[in-house]
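Presented below is the structure to which this report refers.
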Amino acid sequence: PYHVLLTASSGHYQRWQTRVFFHHYTAIKAAHPCSDLGGFTRLLTLPDRLTLAEEDRGLSAVMTTIVARELTKETEDLGFVVLNRPTSIRAVLASGQLAARLAPDERHVFIVETDHVLLKPLPNLLATAAGGEEAAAYPFHYMDPRRPGCAPIVRRHAGSAEAAARVQQVGPSPLLISLEALRRVIDGWVNISFDMKRDGEADAEFNWMLEMWGYSVAAARAPLKHLVVERLQIEPSQQFGVRITPEAAGPRWYEAGGEPTHHVLHYTFSHEFSRDGVPMVDNRDGEWKLDKRAFQRGVPRDLPPPPRCALEAAWVLWRKLHETMEAAAPGPNHWEDAPLPASPTAVLAARTRALSSLGVAARLV
């Protein structure tokens with residue numbers, strides 16, 4: 001088995017996403033007890049002004065949590081909050097907090113983000129890797145190290161043509177990696193990410209992907225070889241990645257019985273449709289919209305469903321959010337502070353109630 005490490009920063013926005021991830025992790029682990037899906041740890045960064053009790057809202061009573069100091073905004077983090085991910089991982093590796101959370105048979109870590117949802121268990125692909133791979137990662141289509149705008153920057157930060165040639169089209173999450181390999185790459189990941197942020201050309205070119213590039217270049221310098229897995233993750237919107245099961249059946253896709261094609265759903269992109277379910281393209285706003293950025297303080301319980309003819313991916317995401325909200329105890333419309341279910345059995349019962357409220361039989365995937 002491998003250990004799941006969820007990296008999270010403080011605040012409402014990542015707290016409700018954390019609850020969504022943990023709900024589905026718990027349900028899938030309970031439904032697949034013999035899978036390689038192992039233990040779970042939330043790595044939470046906290047600013048100096050906050051204590052865990054002030055920020056936590058009871059989550060650490062349900063999910064194992066380790067804390068690292070959050071970089072001071074706009075100064076230490078150079079105006080880029082994502083730099084907390086490599087710095088916090090380095091801190092808990094150095095302190096031994098992460099290693100202490102792993103079971104004796106957990107030699108690999110699966111690094112995920114708060115806006116990920118598990119769709120089905122990931123087998124430990126590294127247990128059978130025969131090509132010297134020490135990590136498994138997703139090939140991001142927008143991270144091509146050979147693209148003319150990227151190549152000279154990659155070469156500069158890789159330090160040599162040989163290292164630049166080894167850069168793979170991968171990022172640090174979702175990432176399945178051995179603990180030893182993570183220790184070997186972490187300093188480079190931190191240092192190169194900060195160097196790129198201070199490099200005006202790299203900052204402008206890589207933008208929100210900068211820390212991802214910091215990891216991929218650091219891995220090439222280590223060197224660290226990845227098993228590249230297309231089916232590891234899907235990043236859907238109304239324009240691409242719109243089918244998540246091979247037997248999609250319109251808005252009632254979950255009755256078709258199709259198993260998800262990918263292991264992780266990354267809801268980083270918006271879903272926008274007309275009221276008739278026509279997907280909006282060319283940056284047009286939809287009359288129905290589901291975008292995580294619209295919910296800085298939490299997702300309302302009365303989040304309306306997609307239009308009937310909206311594409312499958314929108315229904316999948318809405319359902320996953322709906323299930324999590326149904327599992328929360330009755331309370332305010334913004335449910336993020338309601339108590340969590342106390343056990344996997346309670347999670348599965350809540351999931352059944354959620355699906356029943358949709359008028360369908362429960363299916364565990």
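In the structure tokens, chains take the letters A, B, ... in the order shown, each chain's residues start at 1, and ligands count up from 1 in the order shown.
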(Q) I'd like the neighbourhood of Thr7 (chain A) as a VMD selection string, where a residue qualifies if any of its atoms comes within 9 Å (using only C-alpha atoms), though same-chain residues fewer than 2 positions away should be ignored. (A) chain A and resid 5 9 41 to 45 84 to 85 88 to 89 111 to 114
Q: Would you return as a ChimeraX atom specification the members of region 165-314 of chain A that DSSP assigns to helix (DSSP H, G or I) on this structure's backbone?
A: /A:165-166,179-198,200-221,230-232,253-255,292-294,312-314
Q | Neighbour list for Ile177 (chain A) as a PyMOL selection string, cut-off 12 Å, only C-alpha atoms, skip fewer than 6 positions in-chain | A | chain A and resi 1-5+106-112+124-127+129+133-137+171+183-186+219+224-227
Q: Name the residues of region 156-271 of chain A that come out as strand (DSSP E or B) in a backbone DSSP run; write them as a ChimeraX atom specification.
A: /A:170-178,226-228,233-234,249,251,264-266,271
Based on the selection just made, write all heavy atoms of those residues as a compact mmCIF listing (two decimals), in the first residue's frame.
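Written file, out05.txt:
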```
# COMPACT_ATOMS: atom_id res chain seq x y z
N VAL A 170 5.58 16.41 -16.41
CA VAL A 170 4.86 16.00 -15.21
C VAL A 170 4.95 17.10 -14.15
O VAL A 170 5.78 17.99 -14.23
CB VAL A 170 5.44 14.69 -14.63
CG1 VAL A 170 5.32 13.55 -15.63
CG2 VAL A 170 6.90 14.88 -14.19
N GLY A 171 4.07 16.99 -13.17
CA GLY A 171 4.08 17.90 -12.03
C GLY A 171 4.13 17.12 -10.73
O GLY A 171 4.17 15.88 -10.73
N PRO A 172 4.07 17.83 -9.60
CA PRO A 172 4.21 17.19 -8.30
C PRO A 172 2.91 16.69 -7.68
O PRO A 172 2.90 16.25 -6.53
CB PRO A 172 4.81 18.30 -7.44
CG PRO A 172 4.20 19.55 -8.02
CD PRO A 172 4.07 19.30 -9.49
N SER A 173 1.82 16.75 -8.44
CA SER A 173 0.54 16.30 -7.89
C SER A 173 -0.48 16.17 -9.03
O SER A 173 -0.58 17.10 -9.84
CB SER A 173 0.03 17.31 -6.86
OG SER A 173 -1.24 16.95 -6.38
N PRO A 174 -1.17 15.04 -9.14
CA PRO A 174 -1.02 13.85 -8.31
C PRO A 174 0.30 13.14 -8.63
O PRO A 174 0.71 13.06 -9.78
CB PRO A 174 -2.22 12.98 -8.71
CG PRO A 174 -2.52 13.41 -10.12
CD PRO A 174 -2.20 14.86 -10.19
N LEU A 175 0.93 12.65 -7.58
CA LEU A 175 2.25 12.04 -7.71
C LEU A 175 2.38 10.88 -6.75
O LEU A 175 2.23 11.05 -5.53
CB LEU A 175 3.33 13.09 -7.41
CG LEU A 175 4.78 12.60 -7.36
CD1 LEU A 175 5.27 12.26 -8.77
CD2 LEU A 175 5.69 13.65 -6.73
N LEU A 176 2.67 9.72 -7.27
CA LEU A 176 3.00 8.55 -6.45
C LEU A 176 4.51 8.42 -6.47
O LEU A 176 5.12 8.31 -7.53
CB LEU A 176 2.34 7.30 -7.03
CG LEU A 176 2.56 5.99 -6.27
CD1 LEU A 176 1.94 6.05 -4.89
CD2 LEU A 176 1.97 4.82 -7.08
N ILE A 177 5.14 8.44 -5.29
CA ILE A 177 6.59 8.52 -5.23
C ILE A 177 7.10 7.80 -4.00
O ILE A 177 6.44 7.78 -2.95
CB ILE A 177 7.05 10.01 -5.22
CG1 ILE A 177 8.57 10.13 -5.31
CG2 ILE A 177 6.49 10.76 -4.02
CD1 ILE A 177 9.05 11.57 -5.56
N SER A 178 8.26 7.18 -4.13
CA SER A 178 8.85 6.54 -2.95
C SER A 178 9.32 7.61 -1.98
O SER A 178 9.69 8.73 -2.38
CB SER A 178 10.02 5.64 -3.35
OG SER A 178 11.15 6.43 -3.73
N HIS A 226 10.06 9.12 -14.03
CA HIS A 226 8.65 8.90 -13.74
C HIS A 226 8.02 7.91 -14.71
O HIS A 226 8.33 7.92 -15.90
CB HIS A 226 7.86 10.21 -13.86
CG HIS A 226 8.25 11.26 -12.88
ND1 HIS A 226 9.36 12.06 -13.06
CD2 HIS A 226 7.69 11.65 -11.70
CE1 HIS A 226 9.47 12.90 -12.04
NE2 HIS A 226 8.47 12.67 -11.21
N LEU A 227 7.13 7.12 -14.19
CA LEU A 227 6.19 6.37 -15.00
C LEU A 227 5.05 7.33 -15.33
O LEU A 227 4.40 7.86 -14.43
CB LEU A 227 5.67 5.17 -14.21
CG LEU A 227 4.72 4.21 -14.92
CD1 LEU A 227 5.43 3.47 -16.03
CD2 LEU A 227 4.13 3.23 -13.90
N VAL A 228 4.85 7.62 -16.60
CA VAL A 228 3.84 8.60 -17.02
C VAL A 228 2.53 7.87 -17.27
O VAL A 228 2.46 6.95 -18.09
CB VAL A 228 4.31 9.36 -18.27
CG1 VAL A 228 3.24 10.34 -18.74
CG2 VAL A 228 5.61 10.11 -17.97
N GLN A 233 -5.28 10.89 -14.02
CA GLN A 233 -6.08 12.06 -13.68
C GLN A 233 -6.86 12.54 -14.90
O GLN A 233 -6.43 12.37 -16.05
CB GLN A 233 -5.16 13.19 -13.19
CG GLN A 233 -5.85 14.52 -12.94
CD GLN A 233 -4.91 15.55 -12.37
OE1 GLN A 233 -4.89 15.75 -11.16
NE2 GLN A 233 -4.14 16.22 -13.22
N ILE A 234 -8.00 13.18 -14.64
CA ILE A 234 -8.74 13.88 -15.68
C ILE A 234 -9.03 15.29 -15.17
O ILE A 234 -9.35 15.49 -13.99
CB ILE A 234 -10.03 13.12 -16.06
CG1 ILE A 234 -10.68 13.75 -17.29
CG2 ILE A 234 -11.00 13.03 -14.90
CD1 ILE A 234 -11.77 12.89 -17.90
N ALA A 249 -24.38 8.04 -20.06
CA ALA A 249 -25.79 7.98 -20.41
C ALA A 249 -26.46 9.32 -20.12
O ALA A 249 -27.46 9.40 -19.42
CB ALA A 249 -26.48 6.86 -19.65
N PRO A 251 -27.32 12.88 -18.48
CA PRO A 251 -27.25 13.36 -17.09
C PRO A 251 -27.41 12.26 -16.06
O PRO A 251 -27.00 12.42 -14.93
CB PRO A 251 -28.39 14.37 -17.02
CG PRO A 251 -29.32 14.00 -18.14
CD PRO A 251 -28.44 13.46 -19.21
N VAL A 264 -8.34 10.04 -10.61
CA VAL A 264 -8.49 11.31 -9.91
C VAL A 264 -9.20 12.31 -10.82
O VAL A 264 -8.87 12.45 -12.00
CB VAL A 264 -7.12 11.90 -9.50
CG1 VAL A 264 -7.27 13.30 -8.90
CG2 VAL A 264 -6.42 10.97 -8.50
N LEU A 265 -10.18 13.00 -10.27
CA LEU A 265 -10.82 14.13 -10.95
C LEU A 265 -10.23 15.41 -10.36
O LEU A 265 -10.30 15.62 -9.15
CB LEU A 265 -12.33 14.08 -10.75
CG LEU A 265 -13.19 15.09 -11.52
CD1 LEU A 265 -14.62 14.57 -11.64
CD2 LEU A 265 -13.22 16.47 -10.87
N HIS A 266 -9.67 16.25 -11.21
CA HIS A 266 -9.10 17.53 -10.78
C HIS A 266 -10.03 18.63 -11.27
O HIS A 266 -10.10 18.90 -12.46
CB HIS A 266 -7.70 17.69 -11.37
CG HIS A 266 -6.98 18.93 -10.93
ND1 HIS A 266 -5.92 19.46 -11.63
CD2 HIS A 266 -7.17 19.74 -9.85
CE1 HIS A 266 -5.48 20.53 -10.99
NE2 HIS A 266 -6.23 20.72 -9.93
N HIS A 271 -17.04 24.76 -15.31
CA HIS A 271 -18.04 24.11 -16.17
C HIS A 271 -19.16 25.13 -16.40
O HIS A 271 -19.81 25.57 -15.44
CB HIS A 271 -18.62 22.87 -15.49
CG HIS A 271 -17.61 21.80 -15.22
ND1 HIS A 271 -17.50 20.67 -16.00
CD2 HIS A 271 -16.65 21.69 -14.26
CE1 HIS A 271 -16.52 19.91 -15.54
NE2 HIS A 271 -15.99 20.50 -14.48
```
Q: For Lys289 (chain A), work out the shell of residues within 12 Å, counting only C-alpha atoms and skipping chain neighbours fewer than 2 positions away, then give it as JSON, numbers by chain.
A: {"A": [237, 238, 269, 270, 271, 272, 273, 274, 275, 277, 278, 279, 280, 284, 285, 286, 287, 291, 292, 293, 294, 295, 303, 304, 305, 306, 307, 310, 314, 315, 317, 318]}
Using only C-alpha atoms, which protein or nucleic acid residues come within 12 Å of Thr87 (chain A)? Drop anything in the same chain fewer than 3 positions from it, and give the result as a short mmCIF file (atom, residue, chain, number, x, y, z; two decimals) with N, CA, C and O atoms, in the first residue's frame.
```cif
data_model
loop_
_atom_site.label_atom_id
_atom_site.label_comp_id
_atom_site.auth_asym_id
_atom_site.auth_seq_id
_atom_site.Cartn_x
_atom_site.Cartn_y
_atom_site.Cartn_z
N THR A 7 -1.95 17.99 0.61
CA THR A 7 -1.35 19.27 0.99
C THR A 7 -2.43 20.35 0.97
O THR A 7 -3.19 20.47 0.00
N SER A 9 -3.56 24.53 2.49
CA SER A 9 -3.26 25.79 3.17
C SER A 9 -4.45 26.18 4.03
O SER A 9 -5.54 25.60 3.94
N LEU A 43 -1.48 17.49 5.34
CA LEU A 43 -0.38 18.40 5.66
C LEU A 43 -0.92 19.81 5.54
O LEU A 43 -1.17 20.31 4.44
N LEU A 44 -1.14 20.46 6.66
CA LEU A 44 -1.77 21.78 6.72
C LEU A 44 -0.74 22.84 7.05
O LEU A 44 0.01 22.71 8.01
N THR A 45 -0.70 23.91 6.25
CA THR A 45 0.16 25.04 6.58
C THR A 45 -0.65 26.08 7.32
O THR A 45 -1.79 26.38 6.94
N VAL A 67 1.21 19.71 10.85
CA VAL A 67 1.19 21.15 10.59
C VAL A 67 2.59 21.65 10.28
O VAL A 67 3.57 21.25 10.93
N ALA A 68 2.68 22.50 9.29
CA ALA A 68 3.92 23.20 8.97
C ALA A 68 3.62 24.70 8.93
O ALA A 68 2.49 25.11 8.66
N ARG A 69 4.64 25.48 9.20
CA ARG A 69 4.45 26.94 9.19
C ARG A 69 4.19 27.44 7.77
O ARG A 69 4.89 27.08 6.84
N GLU A 70 3.16 28.29 7.65
CA GLU A 70 2.83 28.87 6.35
C GLU A 70 3.71 30.08 6.09
O GLU A 70 3.94 30.91 6.98
N LEU A 71 4.21 30.20 4.88
CA LEU A 71 5.04 31.33 4.51
C LEU A 71 4.23 32.63 4.61
O LEU A 71 3.04 32.66 4.29
N GLU A 76 7.55 36.26 2.23
CA GLU A 76 8.23 34.97 2.16
C GLU A 76 7.75 34.11 0.99
O GLU A 76 8.54 33.37 0.40
N ASP A 77 6.45 34.20 0.66
CA ASP A 77 5.94 33.37 -0.44
C ASP A 77 6.06 34.06 -1.80
O ASP A 77 5.58 33.53 -2.81
N VAL A 81 1.25 31.71 -3.27
CA VAL A 81 0.93 30.87 -2.12
C VAL A 81 1.30 29.41 -2.35
O VAL A 81 1.57 28.67 -1.39
N VAL A 82 1.34 28.96 -3.61
CA VAL A 82 1.61 27.54 -3.89
C VAL A 82 3.03 27.14 -3.47
O VAL A 82 3.31 25.95 -3.30
N LEU A 83 3.91 28.10 -3.26
CA LEU A 83 5.25 27.76 -2.78
C LEU A 83 5.22 27.10 -1.41
O LEU A 83 6.20 26.48 -0.98
N ASN A 84 4.07 27.20 -0.72
CA ASN A 84 3.93 26.50 0.56
C ASN A 84 3.96 24.98 0.40
O ASN A 84 4.28 24.28 1.35
N ARG A 90 9.06 19.74 2.66
CA ARG A 90 10.44 19.68 3.14
C ARG A 90 10.50 19.75 4.67
O ARG A 90 11.27 19.03 5.31
N ALA A 91 9.65 20.58 5.26
CA ALA A 91 9.66 20.74 6.71
C ALA A 91 9.27 19.45 7.42
O ALA A 91 9.90 19.04 8.41
N VAL A 92 8.22 18.76 6.93
CA VAL A 92 7.78 17.55 7.64
C VAL A 92 8.65 16.35 7.30
O VAL A 92 8.68 15.37 8.08
N LEU A 93 9.37 16.40 6.18
CA LEU A 93 10.38 15.37 5.93
C LEU A 93 11.54 15.54 6.89
O LEU A 93 12.04 14.57 7.49
N ALA A 94 11.99 16.79 7.08
CA ALA A 94 13.13 17.05 7.94
C ALA A 94 12.82 16.76 9.40
O ALA A 94 13.67 16.26 10.15
N ILE A 186 13.47 16.89 -2.90
CA ILE A 186 12.76 17.98 -2.24
C ILE A 186 13.54 19.29 -2.22
O ILE A 186 12.99 20.37 -2.46
N ASP A 187 14.83 19.25 -1.92
CA ASP A 187 15.59 20.51 -1.86
C ASP A 187 15.62 21.20 -3.22
O ASP A 187 15.45 22.43 -3.32
N GLY A 188 15.82 20.42 -4.28
CA GLY A 188 15.81 20.99 -5.61
C GLY A 188 14.45 21.57 -5.96
O GLY A 188 14.36 22.64 -6.58
N TRP A 189 13.39 20.87 -5.58
CA TRP A 189 12.03 21.35 -5.85
C TRP A 189 11.80 22.71 -5.20
O TRP A 189 11.30 23.64 -5.84
N VAL A 190 12.19 22.85 -3.94
CA VAL A 190 12.04 24.14 -3.25
C VAL A 190 12.91 25.21 -3.91
O VAL A 190 12.42 26.29 -4.28
N ASN A 191 14.18 24.93 -4.05
CA ASN A 191 15.12 25.95 -4.53
C ASN A 191 14.82 26.40 -5.96
O ASN A 191 14.86 27.61 -6.25
N ILE A 192 14.54 25.45 -6.84
CA ILE A 192 14.27 25.83 -8.23
C ILE A 192 12.96 26.59 -8.34
O ILE A 192 12.84 27.54 -9.13
N SER A 193 11.96 26.22 -7.55
CA SER A 193 10.69 26.95 -7.58
C SER A 193 10.89 28.41 -7.18
O SER A 193 10.36 29.33 -7.82
N PHE A 194 11.66 28.63 -6.12
CA PHE A 194 11.93 30.02 -5.69
C PHE A 194 12.78 30.75 -6.73
O PHE A 194 12.56 31.93 -7.02
N GLU A 211 5.48 26.38 -9.86
CA GLU A 211 5.96 25.40 -8.88
C GLU A 211 5.95 23.99 -9.45
O GLU A 211 6.76 23.14 -9.08
N TYR A 215 9.23 21.46 -9.79
CA TYR A 215 9.35 20.03 -9.48
C TYR A 215 9.92 19.26 -10.66
O TYR A 215 10.85 18.44 -10.49
#
```
Q. Contacts of region 138-144 of chain A at 6 Å or less, counting only C-alpha atoms, minus same-chain residues fewer than 3 places along, as a PyMOL selection string?
A. chain A and resi 147+169-170+228-230+232
Residues just named, written with N, CA, C and O atoms as a PDB file, in the first residue's frame:
```pdb
ATOM      1  N   ARG A 147       8.533  23.201 -25.899  1.00  0.00           N
ATOM      2  CA  ARG A 147       7.875  24.349 -26.517  1.00  0.00           C
ATOM      3  C   ARG A 147       8.841  25.533 -26.551  1.00  0.00           C
ATOM      4  O   ARG A 147       9.559  25.777 -25.575  1.00  0.00           O
ATOM      5  N   GLN A 169       7.135  15.755 -18.774  1.00  0.00           N
ATOM      6  CA  GLN A 169       5.947  16.605 -18.819  1.00  0.00           C
ATOM      7  C   GLN A 169       5.037  16.286 -17.634  1.00  0.00           C
ATOM      8  O   GLN A 169       3.867  15.975 -17.789  1.00  0.00           O
ATOM      9  N   VAL A 170       5.582  16.408 -16.410  1.00  0.00           N
ATOM     10  CA  VAL A 170       4.857  16.000 -15.209  1.00  0.00           C
ATOM     11  C   VAL A 170       4.945  17.096 -14.150  1.00  0.00           C
ATOM     12  O   VAL A 170       5.780  17.991 -14.225  1.00  0.00           O
ATOM     13  N   VAL A 228       4.848   7.619 -16.601  1.00  0.00           N
ATOM     14  CA  VAL A 228       3.843   8.598 -17.018  1.00  0.00           C
ATOM     15  C   VAL A 228       2.526   7.875 -17.274  1.00  0.00           C
ATOM     16  O   VAL A 228       2.462   6.946 -18.087  1.00  0.00           O
ATOM     17  N   VAL A 229       1.456   8.297 -16.569  1.00  0.00           N
ATOM     18  CA  VAL A 229       0.187   7.566 -16.558  1.00  0.00           C
ATOM     19  C   VAL A 229      -0.939   8.507 -16.983  1.00  0.00           C
ATOM     20  O   VAL A 229      -1.412   9.333 -16.195  1.00  0.00           O
ATOM     21  N   GLU A 230      -1.378   8.360 -18.226  1.00  0.00           N
ATOM     22  CA  GLU A 230      -2.431   9.224 -18.770  1.00  0.00           C
ATOM     23  C   GLU A 230      -3.732   9.082 -17.983  1.00  0.00           C
ATOM     24  O   GLU A 230      -4.463  10.048 -17.770  1.00  0.00           O
ATOM     25  N   LEU A 232      -4.170   8.497 -14.919  1.00  0.00           N
ATOM     26  CA  LEU A 232      -4.072   8.849 -13.501  1.00  0.00           C
ATOM     27  C   LEU A 232      -5.075   9.931 -13.132  1.00  0.00           C
ATOM     28  O   LEU A 232      -5.672   9.904 -12.052  1.00  0.00           O
TER      29      LEU A 232
END
```
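The interatomic distance for the pair CA of Ile66 (chain A) and CA of Leu98 (chain A) works out to 7.8 Å.
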